[in-house]
Each structure stands twice: as C-alpha cells, then as structure tokens.
>>> print(open('target-v1.cif').read())   # mmCIF, C-alpha atoms and all ligand atoms
data_start
loop_
_atom_site.label_atom_id
_atom_site.label_comp_id
_atom_site.auth_asym_id
_atom_site.auth_seq_id
_atom_site.Cartn_x
_atom_site.Cartn_y
_atom_site.Cartn_z
CA MET A 18 22.05 -18.47 -15.82
CA LEU A 19 20.16 -15.75 -14.01
CA HIS A 20 18.64 -14.69 -17.31
CA THR A 21 17.63 -18.28 -18.14
CA ASN A 22 15.95 -18.68 -14.74
CA LEU A 23 14.12 -15.38 -15.16
CA SER A 24 12.95 -16.37 -18.65
CA ARG A 25 11.68 -19.67 -17.30
CA LEU A 26 9.87 -17.87 -14.49
CA LEU A 27 8.25 -15.40 -16.90
CA ALA A 28 7.34 -18.21 -19.30
CA SER A 29 5.66 -20.08 -16.44
CA GLY A 30 3.45 -17.08 -15.75
CA GLY A 31 5.53 -15.51 -12.98
CA PRO A 32 6.14 -16.46 -9.37
CA LYS A 33 3.82 -18.92 -7.64
CA ARG A 34 3.57 -16.72 -4.60
CA LEU A 35 2.88 -13.03 -4.50
CA ILE A 36 3.68 -10.97 -1.45
CA SER A 37 0.67 -8.76 -1.75
CA THR A 38 1.20 -6.77 1.43
CA VAL A 39 3.91 -6.29 3.96
CA ASN A 40 2.60 -4.39 6.95
CA LYS A 41 5.15 -3.63 9.59
CA LEU A 42 4.25 -6.65 11.71
CA THR A 43 2.31 -8.95 9.36
CA THR A 44 2.65 -10.16 5.80
CA VAL A 45 -0.01 -11.47 3.45
CA GLU A 46 1.07 -13.89 0.76
CA VAL A 47 -1.50 -15.09 -1.74
CA ASN A 48 -0.80 -18.33 -3.58
CA ASP A 49 -1.71 -17.57 -7.17
CA LYS A 50 -2.57 -21.21 -7.89
CA THR A 51 -4.84 -21.91 -4.91
CA GLY A 52 -6.00 -18.36 -4.17
CA ILE A 53 -5.35 -19.00 -0.46
CA ALA A 54 -3.78 -16.20 1.59
CA ILE A 55 -1.17 -16.87 4.25
CA LEU A 56 -1.21 -14.26 6.97
CA THR A 57 2.05 -14.31 8.94
CA MET A 58 2.63 -12.59 12.28
CA ASN A 59 6.12 -11.19 12.56
CA ARG A 60 6.75 -9.41 15.84
CA PRO A 61 9.88 -10.93 17.42
CA PRO A 62 10.64 -12.35 19.83
CA VAL A 63 7.25 -13.87 20.74
CA ASN A 64 4.53 -12.22 18.61
CA GLY A 65 3.19 -10.49 21.72
CA LEU A 66 -0.13 -8.96 20.70
CA ASN A 67 0.42 -5.25 21.24
CA LEU A 68 -1.63 -2.40 19.76
CA GLU A 69 0.42 -2.24 16.55
CA LEU A 70 0.38 -6.00 15.85
CA LEU A 71 -3.38 -6.06 16.44
CA GLN A 72 -3.81 -3.13 14.03
CA ASP A 73 -1.72 -4.88 11.35
CA LEU A 74 -3.61 -8.15 11.86
CA LYS A 75 -6.93 -6.34 11.37
CA SER A 76 -5.78 -4.57 8.24
CA SER A 77 -4.42 -7.86 6.80
CA ILE A 78 -7.73 -9.62 7.52
CA ASP A 79 -9.57 -6.74 5.80
CA GLU A 80 -7.27 -7.03 2.81
CA ILE A 81 -7.85 -10.79 2.53
CA GLU A 82 -11.62 -10.22 2.79
CA GLY A 83 -11.34 -7.63 0.02
CA ASN A 84 -9.03 -9.40 -2.43
CA LYS A 85 -11.28 -12.40 -3.03
CA SER A 86 -8.89 -14.91 -1.45
CA ARG A 87 -10.34 -18.41 -1.16
CA GLY A 88 -9.20 -18.75 2.43
CA LEU A 89 -6.95 -17.43 5.17
CA ILE A 90 -4.20 -19.37 6.94
CA LEU A 91 -2.83 -17.68 10.05
CA THR A 92 0.72 -18.52 11.10
CA SER A 93 3.92 -17.05 12.54
CA SER A 94 7.42 -16.28 11.28
CA SER A 95 8.93 -17.56 14.55
CA PRO A 96 10.19 -21.15 14.56
CA THR A 97 8.96 -21.77 18.13
CA ILE A 98 6.13 -19.35 18.94
CA PHE A 99 2.78 -18.88 17.23
CA SER A 100 1.90 -16.04 19.62
CA ALA A 101 2.68 -15.54 23.33
CA GLY A 102 -0.73 -13.89 23.67
CA LEU A 103 -1.38 -10.35 24.73
CA ASP A 104 1.74 -8.28 25.24
CA ILE A 105 1.75 -8.07 29.03
CA LEU A 106 3.56 -4.72 28.78
CA GLU A 107 0.32 -3.25 27.37
CA MET A 108 -1.32 -4.10 30.71
CA TYR A 109 1.55 -3.61 33.16
CA LYS A 110 1.81 -0.04 34.50
CA PRO A 111 -0.22 1.08 31.50
CA ASP A 112 -0.86 4.47 29.99
CA MET A 113 -4.66 4.43 30.25
CA ASP A 114 -5.31 6.08 26.86
CA ARG A 115 -3.12 3.57 25.07
CA CYS A 116 -4.63 0.76 27.14
CA ARG A 117 -8.12 1.82 25.97
CA ALA A 118 -6.95 1.86 22.32
CA PHE A 119 -5.25 -1.54 22.83
CA TRP A 120 -8.33 -3.31 24.19
CA SER A 121 -10.67 -1.69 21.62
CA GLN A 122 -8.33 -2.90 18.87
CA LEU A 123 -8.28 -6.41 20.34
CA GLN A 124 -12.10 -6.45 20.21
CA GLU A 125 -12.03 -5.10 16.63
CA THR A 126 -9.47 -7.66 15.44
CA TRP A 127 -11.32 -10.55 17.08
CA LEU A 128 -14.62 -9.50 15.50
CA ALA A 129 -12.88 -9.43 12.09
CA LEU A 130 -11.20 -12.84 12.49
CA TYR A 131 -14.03 -14.76 14.19
CA GLY A 132 -16.58 -13.16 11.87
CA SER A 133 -14.48 -13.47 8.70
CA SER A 134 -16.48 -14.47 5.64
CA VAL A 135 -13.62 -16.55 4.17
CA PRO A 136 -12.64 -20.00 5.49
CA THR A 137 -9.94 -19.61 8.16
CA ALA A 138 -7.33 -22.02 9.53
CA ALA A 139 -4.41 -21.70 11.93
CA ALA A 140 -1.04 -23.34 11.23
CA ILE A 141 0.17 -23.34 14.84
CA ASN A 142 3.92 -23.61 14.47
CA GLY A 143 4.83 -22.83 18.08
CA HIS A 144 3.56 -22.07 21.59
CA SER A 145 0.14 -20.50 21.68
CA PRO A 146 -0.91 -19.34 25.17
CA ALA A 147 -3.87 -17.09 26.04
CA GLY A 148 -4.37 -14.49 23.28
CA GLY A 149 -2.47 -16.85 20.94
CA CYS A 150 -5.01 -19.56 21.71
CA LEU A 151 -7.79 -17.00 21.17
CA LEU A 152 -6.50 -16.34 17.63
CA ALA A 153 -6.23 -20.07 16.90
CA THR A 154 -9.67 -20.96 18.27
CA SER A 155 -11.22 -18.10 16.32
CA CYS A 156 -10.24 -19.88 13.11
CA GLU A 157 -12.32 -22.76 11.76
CA TYR A 158 -9.50 -25.33 11.73
CA ARG A 159 -6.24 -25.85 13.59
CA VAL A 160 -3.12 -27.83 12.68
CA MET A 161 -0.31 -27.84 15.24
CA VAL A 162 3.35 -28.86 15.22
CA PRO A 163 4.47 -31.22 18.09
CA LYS A 164 6.27 -30.27 21.30
CA PHE A 165 4.45 -26.96 21.81
CA THR A 166 1.65 -25.85 24.12
CA ILE A 167 -1.72 -24.15 23.68
CA GLY A 168 -4.43 -23.02 26.08
CA LEU A 169 -6.13 -20.19 27.95
CA ASN A 170 -3.88 -19.69 30.98
CA GLU A 171 -5.47 -16.44 32.22
CA THR A 172 -6.19 -17.74 35.73
CA GLN A 173 -2.43 -18.41 36.10
CA LEU A 174 -1.94 -14.66 35.66
CA GLY A 175 -4.68 -13.85 38.18
CA MET A 176 -7.04 -12.80 35.37
CA ILE A 177 -10.40 -13.94 34.07
CA ALA A 178 -10.69 -14.66 30.37
CA PRO A 179 -13.43 -12.41 28.94
CA GLN A 180 -16.66 -14.04 27.78
CA TRP A 181 -15.70 -13.80 24.12
CA PHE A 182 -12.36 -15.62 24.72
CA MET A 183 -14.52 -18.33 26.30
CA SER A 184 -16.94 -18.35 23.34
CA ALA A 185 -14.15 -19.08 20.87
CA PHE A 186 -12.78 -21.79 23.21
CA LEU A 187 -16.25 -23.30 23.58
CA SER A 188 -16.77 -23.34 19.83
CA VAL A 189 -14.01 -25.95 19.77
CA LEU A 190 -14.08 -27.84 23.11
CA PRO A 191 -16.93 -29.59 24.89
CA GLN A 192 -18.40 -27.50 27.75
CA ARG A 193 -17.04 -29.72 30.54
CA GLU A 194 -13.51 -29.84 29.11
CA ALA A 195 -13.53 -26.07 28.44
CA GLU A 196 -14.74 -25.18 31.94
CA ARG A 197 -12.14 -27.32 33.67
CA ALA A 198 -9.29 -26.07 31.45
CA LEU A 199 -10.31 -22.42 31.94
CA ASN A 200 -10.53 -22.79 35.72
CA GLN A 201 -7.13 -24.48 35.82
CA GLY A 202 -5.54 -22.11 33.30
CA ARG A 203 -4.40 -25.32 31.64
CA MET A 204 -1.83 -25.38 28.86
CA PHE A 205 -2.21 -28.46 26.62
CA THR A 206 0.69 -30.12 24.80
CA THR A 207 0.13 -30.67 21.08
CA GLU A 208 -0.75 -34.32 21.75
CA GLU A 209 -3.18 -33.45 24.58
CA ALA A 210 -4.76 -30.72 22.45
CA LEU A 211 -5.39 -33.24 19.67
CA ARG A 212 -6.91 -35.71 22.13
CA VAL A 213 -9.45 -33.22 23.54
CA GLY A 214 -10.23 -31.63 20.15
CA LEU A 215 -8.62 -28.25 20.78
CA ILE A 216 -6.72 -28.82 17.53
CA ASP A 217 -7.85 -30.83 14.51
CA GLU A 218 -4.58 -32.31 13.24
CA THR A 219 -0.87 -32.39 13.91
CA ALA A 220 1.89 -31.82 11.36
CA ASN A 221 5.64 -32.37 11.50
CA SER A 222 6.58 -28.93 10.23
CA LYS A 223 5.14 -25.50 9.56
CA GLU A 224 5.08 -26.29 5.82
CA GLU A 225 3.09 -29.47 6.43
CA ALA A 226 0.75 -27.58 8.78
CA ILE A 227 0.12 -25.02 6.03
CA GLU A 228 -0.53 -27.81 3.50
CA LYS A 229 -3.05 -29.43 5.84
CA CYS A 230 -4.76 -26.09 6.45
CA ALA A 231 -4.92 -25.57 2.67
CA ALA A 232 -6.44 -29.04 2.27
CA PHE A 233 -9.13 -28.08 4.82
CA ILE A 234 -9.90 -24.90 2.90
CA GLY A 235 -9.97 -27.01 -0.28
CA THR A 236 -12.89 -29.01 1.14
CA PHE A 237 -15.09 -26.00 0.37
CA ALA A 238 -14.13 -25.94 -3.33
CA LYS A 239 -17.46 -27.36 -4.42
CA VAL A 240 -19.61 -25.57 -1.86
CA ASN A 241 -21.49 -22.45 -2.87
CA PRO A 242 -19.32 -19.65 -1.37
CA LEU A 243 -22.21 -17.40 -0.38
CA ALA A 244 -24.13 -20.24 1.27
CA ARG A 245 -20.95 -21.31 3.10
CA SER A 246 -20.13 -17.85 4.35
CA LEU A 247 -23.71 -17.03 5.44
CA THR A 248 -23.92 -20.38 7.25
CA LYS A 249 -20.68 -19.62 9.12
CA GLN A 250 -21.84 -16.12 10.02
CA GLN A 251 -25.22 -17.37 11.23
CA PHE A 252 -23.50 -20.04 13.30
CA ARG A 253 -21.25 -17.44 14.96
CA ALA A 254 -23.78 -14.60 15.10
CA ALA A 255 -24.73 -14.95 18.78
CA ASP A 256 -21.09 -14.86 19.96
CA LEU A 257 -20.30 -11.88 17.72
CA GLN A 258 -23.45 -10.01 18.75
CA GLN A 259 -22.75 -10.59 22.43
CA LEU A 260 -19.47 -8.68 22.16
CA LYS A 261 -20.90 -6.03 19.80
CA ASN A 262 -23.68 -5.32 22.32
CA GLY A 263 -21.34 -5.27 25.29
CA ARG A 264 -18.21 -3.68 23.85
CA LYS A 265 -18.26 -0.59 26.01
CA GLU A 266 -18.92 -2.53 29.20
CA ASP A 267 -16.22 -5.07 28.30
CA LEU A 268 -13.72 -2.23 27.78
CA GLU A 269 -14.59 -0.60 31.11
CA LYS A 270 -14.26 -3.97 32.88
CA PHE A 271 -10.82 -4.43 31.35
CA LEU A 272 -9.68 -0.93 32.34
CA PHE A 273 -10.99 -1.48 35.87
CA THR A 274 -9.20 -4.86 36.07
CA VAL A 275 -5.81 -3.52 34.96
CA SER A 276 -6.04 -0.56 37.32
CA GLN A 277 -6.23 -2.85 40.38
CA PRO A 278 -3.00 -2.72 42.45
CA ALA A 279 -3.23 -6.47 43.21
CA LEU A 280 -3.34 -7.27 39.51
CA GLN A 281 -0.40 -4.96 38.79
CA LYS A 282 1.58 -6.68 41.53
CA GLY A 283 0.73 -10.10 40.06
CA LEU A 284 1.71 -9.05 36.53
CA GLY A 285 5.02 -7.67 37.85
CA ILE A 286 5.81 -11.01 39.51
CA TYR A 287 4.76 -12.92 36.37
CA LEU A 288 7.00 -10.79 34.13
CA GLU A 289 9.88 -11.18 36.58
CA GLY A 290 9.37 -14.97 36.42
CA LEU A 291 9.60 -14.91 32.63
CA LYS A 292 12.86 -12.98 32.77
CA LYS A 293 14.37 -15.15 35.57
CA LYS A 294 13.60 -18.22 33.45
CA VAL A 295 15.89 -16.75 30.75
CA LYS A 296 18.73 -16.14 33.22
CA LYS A 297 18.50 -19.66 34.74
CA GLN A 298 19.14 -21.38 31.36
C1 LIG B 301 -12.98 -7.92 30.39
C2 LIG B 301 -12.63 -8.56 31.69
C3 LIG B 301 -11.22 -8.37 32.17
C4 LIG B 301 -10.20 -8.90 31.25
C5 LIG B 301 -8.89 -9.10 31.86
C6 LIG B 301 -7.82 -9.38 30.85
C7 LIG B 301 -7.95 -10.74 30.25
C8 LIG B 301 -6.87 -11.05 29.28
C9 LIG B 301 -5.77 -11.69 29.95
C10 LIG B 301 -4.76 -12.34 29.40
C11 LIG B 301 -4.61 -12.59 28.01
C12 LIG B 301 -3.16 -12.77 27.60
O1 LIG B 301 -2.94 -13.14 26.49
S1 LIG B 301 -1.94 -12.41 28.74
C13 LIG B 301 -0.47 -13.11 28.06
C14 LIG B 301 -0.39 -14.54 28.44
N1 LIG B 301 0.82 -15.12 27.89
C15 LIG B 301 1.62 -15.87 28.61
O2 LIG B 301 1.40 -16.15 29.76
C16 LIG B 301 2.87 -16.36 27.91
C17 LIG B 301 4.10 -15.93 28.61
N2 LIG B 301 5.28 -16.34 27.87
C18 LIG B 301 5.76 -17.59 27.88
O3 LIG B 301 5.24 -18.50 28.48
C19 LIG B 301 7.01 -17.80 27.08
O4 LIG B 301 7.59 -16.56 26.81
C20 LIG B 301 6.77 -18.55 25.75
C21 LIG B 301 6.43 -20.02 26.03
C22 LIG B 301 5.69 -17.91 24.92
C23 LIG B 301 8.09 -18.49 24.93
O5 LIG B 301 9.15 -18.99 25.70
P1 LIG B 301 10.65 -18.70 25.24
O6 LIG B 301 11.54 -19.40 26.23
O7 LIG B 301 10.85 -19.01 23.83
O8 LIG B 301 10.80 -17.12 25.34
P2 LIG B 301 10.99 -16.24 26.66
O9 LIG B 301 10.12 -16.71 27.74
O10 LIG B 301 12.46 -16.16 26.95
O11 LIG B 301 10.46 -14.83 26.15
C24 LIG B 301 11.25 -13.96 25.35
C25 LIG B 301 10.99 -12.53 25.79
O12 LIG B 301 9.60 -12.22 25.55
C26 LIG B 301 8.99 -11.81 26.79
N3 LIG B 301 7.58 -12.26 26.77
C27 LIG B 301 7.14 -13.50 26.64
N4 LIG B 301 5.79 -13.53 26.61
C28 LIG B 301 5.39 -12.25 26.74
C29 LIG B 301 4.11 -11.61 26.77
N5 LIG B 301 2.96 -12.32 26.65
N6 LIG B 301 4.07 -10.29 26.90
C30 LIG B 301 5.20 -9.56 27.00
N7 LIG B 301 6.46 -10.10 26.98
C31 LIG B 301 6.53 -11.43 26.84
C32 LIG B 301 9.82 -12.47 27.87
O13 LIG B 301 9.67 -11.79 29.08
C33 LIG B 301 11.21 -12.33 27.27
O14 LIG B 301 11.59 -10.98 27.47
P3 LIG B 301 13.13 -10.56 27.69
O15 LIG B 301 13.83 -10.98 26.43
O16 LIG B 301 13.08 -9.08 27.89
O17 LIG B 301 13.61 -11.29 28.88
#
>>> encode(input="target-v1.cif", output="structure tokens")
Amino acid sequence: MLHTNLSRLLASGGPKRLISTVNKLTTVEVNDKTGIAILTMNRPPVNGLNLELLQDLKSSIDEIEGNKSRGLILTSSSPTIFSAGLDILEMYKPDMDRCRAFWSQLQETWLALYGSSVPTAAAINGHSPAGGCLLATSCEYRVMVPKFTIGLNETQLGMIAPQWFMSAFLSVLPQREAERALNQGRMFTTEEALRVGLIDETANSKEEAIEKCAAFIGTFAKVNPLARSLTKQQFRAADLQQLKNGRKEDLEKFLFTVSQPALQKGLGIYLEGLKKKVKKQ
C-alpha cells in the first residue's frame, strides 16, 4: 500500500508542496504548482518577535526573494495567534547590547518585508497586536479569521509607535482613522478591521485565508513582473527611505525610551497583568 502510494506520488511528479527551508523559528513552503511561498512563524506560545525570530524572518524573506517565488504569504503555526508583537522581554530589564541588536534587526526585517519585490499577503489566523499588526500592514493584502483582534496598541503600553510603524498603518487606513486608533491604542476585532479597511477580507479558517491570499497574488499573473515590482517599490520608496535615513537616530531613541525607569515600571506592570490573566482563568 505504502509502495503504491509512493509510486503514485512519484508518477504525479512528486509532492505538491516542498518544504524548502526550516529555520529554527520559521518555515518556507513553496507550492510547486503556484510558485507561491508560505512563510510560517513558529515561536510558541505567541510568536513574540524576539531577536532570533526577527533574524529567521529576514532570512526567509531573503530566500523567497532569491528563489523566484511568485509571492509570499505570511502566517503563523499557532491556531490562535498570528503574532503577539515584539517580545516584551527584549525590552524589559534589557541587556543593552542585545537590545541594540534586537531593534536593528527589527528595522532590517521591516525594510525587507515592506520593501519586498514579490507580492506579499498576510493570512492572519490569530491575534495580531502591535508588532504583529506591523508585519500584517507591511504586506500588500490581509485576510483575517474571525474572533481575533488586530491593531497598534503601543499607547496602552505607555509607548509611542515609531514613525515607520505609523507609515505601514497609514498605507492601509485613512489618516483620520489611523490617527484616532493610534492615539487610543485601539485593538480592532476582525469585523471592525474589515469595516475600516485594516484588513481586506475575512476567511473562516487559516486554509481559506491562505487560499484568498493566493488568489490576490494570482491577480498579478498577467502583469509584467518587473513593472509591478518597480511600481510597488516606487510607491513605498519615501517610507523606506525615511527609515534608512534615520536608522541610527531611531535606534538611539528606542534605547533611550527603554532605559527610562517609568517605562520599565510600566512594562513590569503590563507583563504582570498578562500573567495574572492566565491565573484568573
Ligand atoms: C523609536 C521610538 C521609541 C520606540 C518605542 C518602542 C515602540 C514599540 C513598542 C511596542 C511594540 C510591541 O509590539 S510591544 C508588544 C505588544 N503586544 C501586546 O501587547 C500583546 C500582549 N499579549 C496579549 O495580549 C496576549 O498574550 C495575546 C492576545 C497575544 C494572546 O493571549 P493568550 O491568552 O492566548 O496568551 P497569554 O496571554 O496567556 O500569553 C501566553 C504567554 O505569552 C506571554 N506573552 C504574551 N504576549 C507577549 C509579548 N508580546 N511579549 C512577551 N511575552 C508575551 C504571556 O505573558 C504568557 O506568558 P506565561 O506563559 O509566562 O504566563
């Protein structure tokens, strides 16, 4: 039976999906029929963006850029969380050298994703606060599963979202909506996100979200790839250049912010709140 199945598989030209790379915290799977790469974050429990996950994300994006994939779909292996955003432990009582490497890597990874030459889409299969929302809004298209939340909640943590977080948010939301949501640190439900345009579509499952993302990428099938990619890059050039020009200053601002005792106190209380929530249930 096993042999028969294997023969059939070989006769059909091999598996439909190839795991081309397994980094420690991400995998890249290229569909050999569509040529679309699925980039999956896999850092349990919440895909907190720490230095290592950011490094793996960057190297997976580079690989997808290099292997001539027709598009990139970003998703998560967790059934309930796309990404909980930046790993707060990278900012709470930090080792300053690691903190410097962490923020520089975040900048690097964002530049690679937002500036990617291939079409990008996010299959948001779980909660997506702060840095998770940054990843999603850096893609060109978003499909989200119901009953989750997405948004830039930095003000709730006593922090200010950097300009480039705001740029990605503003590339999706109207100015007025973006400003109000940022000031409030508002988290949108899937339905609210659809209504304001923070996401493009909803889907009933991760699989359906991936299919819808693939359909979006398919809309470029008849468009000249070079013209499409240069148009995207020109459209995003000002946002990308703004960070490239101000990278050093942005890093110093971040290091200054996390070294403030009031911020450390706030982060401690926030983390405690997250843990208490677990005990209460
Ligand atoms: C240049 C100018 C200055 C710049 C200043 C800095 C600007 C950047 C600032 C912020 C960006 C960020 O991304 S900060 C992170 C924001 N994220 C959040 O607020 C999300 C917090 N988490 C949650 O709301 C929930 O965990 C969840 C909805 C994502 C999932 O809920 P669930 O009930 O499924 O899981 P738990 O809450 O039980 O969490 C499990 C486990 O994970 C820990 N956890 C959760 N999120 C984080 C996180 N972001 N970082 C670190 N750890 C996290 C949580 O405490 C639990 O831990 P324990 O199992 O040990 O209890």
>>> residues_near_ligand(input="target-v1.cif", ligand="ligand LIG 301 (chain B)", cutoff="7 Å", atoms="all atoms listed in the file", output="ChimeraX atom specification")
/A:62-63,65,97-98,100-106,144-149,170-171,174,176-179,267-268,270-271,274,288,291-292,294-295
>>> write_last_selection(input="target-v1.cif", atoms="C-alpha atoms", output="CSV table (one decimal), in the frame of the given file")
chain,number,residue,atom,x,y,z
A,62,PRO,CA,10.6,-12.4,19.8
A,63,VAL,CA,7.2,-13.9,20.7
A,65,GLY,CA,3.2,-10.5,21.7
A,97,THR,CA,9.0,-21.8,18.1
A,98,ILE,CA,6.1,-19.4,18.9
A,100,SER,CA,1.9,-16.0,19.6
A,101,ALA,CA,2.7,-15.5,23.3
A,102,GLY,CA,-0.7,-13.9,23.7
A,103,LEU,CA,-1.4,-10.4,24.7
A,104,ASP,CA,1.7,-8.3,25.2
A,105,ILE,CA,1.8,-8.1,29.0
A,106,LEU,CA,3.6,-4.7,28.8
A,144,HIS,CA,3.6,-22.1,21.6
A,145,SER,CA,0.1,-20.5,21.7
A,146,PRO,CA,-0.9,-19.3,25.2
A,147,ALA,CA,-3.9,-17.1,26.0
A,148,GLY,CA,-4.4,-14.5,23.3
A,149,GLY,CA,-2.5,-16.8,20.9
A,170,ASN,CA,-3.9,-19.7,31.0
A,171,GLU,CA,-5.5,-16.4,32.2
A,174,LEU,CA,-1.9,-14.7,35.7
A,176,MET,CA,-7.0,-12.8,35.4
A,177,ILE,CA,-10.4,-13.9,34.1
A,178,ALA,CA,-10.7,-14.7,30.4
A,179,PRO,CA,-13.4,-12.4,28.9
A,267,ASP,CA,-16.2,-5.1,28.3
A,268,LEU,CA,-13.7,-2.2,27.8
A,270,LYS,CA,-14.3,-4.0,32.9
A,271,PHE,CA,-10.8,-4.4,31.4
A,274,THR,CA,-9.2,-4.9,36.1
A,288,LEU,CA,7.0,-10.8,34.1
A,291,LEU,CA,9.6,-14.9,32.6
A,292,LYS,CA,12.9,-13.0,32.8
A,294,LYS,CA,13.6,-18.2,33.4
A,295,VAL,CA,15.9,-16.8,30.8
>>> closest_residue(input="target-v1.cif", among="A:Arg87, A:Thr43, A:Leu211, A:Gly132", to="A:Asn241", atoms="all atoms listed in the file")
A:Arg87
>>> closest_residue(input="target-v1.cif", among="A:Glu228, A:Phe182, A:Leu169, A:Ser133", to="A:Leu199", atoms="all atoms listed in the file")
A:Leu169
>>> atom_distance(input="target-v1.cif", atom1="atom CA of A:Trp181", atom2="atom CA of A:Glu289")
28.6 Å
>>> atom_distance(input="target-v1.cif", atom1="atom CA of A:Lys282", atom2="atom CA of A:Arg203")
21.9 Å
>>> atom_distance(input="target-v1.cif", atom1="atom CA of A:Val135", atom2="atom CA of A:Glu266")
29.2 Å
>>> closest_residue(input="target-v1.cif", among="A:Lys229, A:Arg264, A:Lys85, A:Lys164", to="A:Gln180", atoms="all atoms listed in the file")
A:Arg264
>>> residues_around(input="target-v1.cif", residues="A:Phe119", least_positions_apart="5", cutoff="8 Å", atoms="all atoms listed in the file", output="PyMOL selection string")
chain A and resi 67-68+107
>>> closest_residue(input="target-v1.cif", among="A:Ile286, A:Leu123, A:Leu89, A:Val39", to="A:Ala54", atoms="all atoms listed in the file")
A:Leu89
>>> residues_around(input="target-v1.cif", residues="A:Ile234", least_positions_apart="5", cutoff="12 Å", atoms="all atoms listed in the file", output="list of chain:residue names")
A:Thr51, A:Gly52, A:Ile53, A:Ala54, A:Ile55, A:Ser86, A:Arg87, A:Gly88, A:Leu89, A:Ile90, A:Val135, A:Pro136, A:Thr137, A:Ala138, A:Ala139, A:Cys156, A:Glu157, A:Tyr158, A:Arg159, A:Ile227, A:Glu228, A:Lys229, A:Lys239, A:Val240, A:Pro242, A:Arg245
>>> closest_residue(input="target-v1.cif", among="A:Val160, A:Leu272, A:Ala238, A:Ala220", to="A:Arg115", atoms="only C-alpha atoms")
A:Leu272
>>> closest_residue(input="target-v1.cif", among="A:Ala244, A:Leu151, A:Val275, A:Leu66", to="A:Leu128", atoms="only C-alpha atoms")
A:Leu151
>>> residues_around(input="target-v1.cif", residues="A:Val189", least_positions_apart="4", cutoff="8 Å", atoms="all atoms listed in the file", output="ChimeraX atom specification")
/A:154,185,214-215
>>> build_atoms(input="target-v1.cif", residues="stretch 145-160 of chain A", atoms="N, CA and C atoms", output="mmCIF file, in the frame of the given file")
data_model
loop_
_atom_site.group_PDB
_atom_site.id
_atom_site.type_symbol
_atom_site.label_atom_id
_atom_site.label_comp_id
_atom_site.auth_asym_id
_atom_site.auth_seq_id
_atom_site.Cartn_x
_atom_site.Cartn_y
_atom_site.Cartn_z
ATOM 1 N N SER A 145 1.319 -21.316 21.973
ATOM 2 C CA SER A 145 0.140 -20.500 21.680
ATOM 3 C C SER A 145 -0.717 -20.273 22.941
ATOM 4 N N PRO A 146 -0.142 -19.580 23.955
ATOM 5 C CA PRO A 146 -0.910 -19.340 25.170
ATOM 6 C C PRO A 146 -1.900 -18.177 25.027
ATOM 7 N N ALA A 147 -2.947 -18.223 25.829
ATOM 8 C CA ALA A 147 -3.870 -17.090 26.040
ATOM 9 C C ALA A 147 -4.329 -16.445 24.733
ATOM 10 N N GLY A 148 -3.939 -15.177 24.506
ATOM 11 C CA GLY A 148 -4.370 -14.490 23.280
ATOM 12 C C GLY A 148 -3.972 -15.256 22.017
ATOM 13 N N GLY A 149 -2.872 -16.022 22.087
ATOM 14 C CA GLY A 149 -2.470 -16.850 20.940
ATOM 15 C C GLY A 149 -3.483 -17.939 20.687
ATOM 16 N N CYS A 150 -3.966 -18.516 21.801
ATOM 17 C CA CYS A 150 -5.010 -19.560 21.710
ATOM 18 C C CYS A 150 -6.315 -18.940 21.214
ATOM 19 N N LEU A 151 -6.583 -17.701 21.646
ATOM 20 C CA LEU A 151 -7.790 -17.000 21.170
ATOM 21 C C LEU A 151 -7.762 -16.883 19.635
ATOM 22 N N LEU A 152 -6.613 -16.473 19.096
ATOM 23 C CA LEU A 152 -6.500 -16.340 17.630
ATOM 24 C C LEU A 152 -6.759 -17.693 16.963
ATOM 25 N N ALA A 153 -6.112 -18.741 17.518
ATOM 26 C CA ALA A 153 -6.230 -20.070 16.900
ATOM 27 C C ALA A 153 -7.667 -20.597 16.967
ATOM 28 N N THR A 154 -8.308 -20.421 18.130
ATOM 29 C CA THR A 154 -9.670 -20.960 18.270
ATOM 30 C C THR A 154 -10.705 -20.110 17.532
ATOM 31 N N SER A 155 -10.294 -18.926 17.097
ATOM 32 C CA SER A 155 -11.220 -18.100 16.320
ATOM 33 C C SER A 155 -11.253 -18.532 14.861
ATOM 34 N N CYS A 156 -10.240 -19.327 14.464
ATOM 35 C CA CYS A 156 -10.240 -19.880 13.110
ATOM 36 C C CYS A 156 -11.119 -21.124 13.088
ATOM 37 N N GLU A 157 -11.417 -21.605 11.879
ATOM 38 C CA GLU A 157 -12.320 -22.760 11.760
ATOM 39 C C GLU A 157 -11.596 -24.098 11.878
ATOM 40 N N TYR A 158 -10.261 -24.077 11.759
ATOM 41 C CA TYR A 158 -9.500 -25.330 11.730
ATOM 42 C C TYR A 158 -8.109 -25.059 12.276
ATOM 43 N N ARG A 159 -7.549 -26.035 12.978
ATOM 44 C CA ARG A 159 -6.240 -25.850 13.590
ATOM 45 C C ARG A 159 -5.346 -27.059 13.325
ATOM 46 N N VAL A 160 -4.132 -26.780 12.842
ATOM 47 C CA VAL A 160 -3.120 -27.830 12.680
ATOM 48 C C VAL A 160 -1.899 -27.366 13.469
#
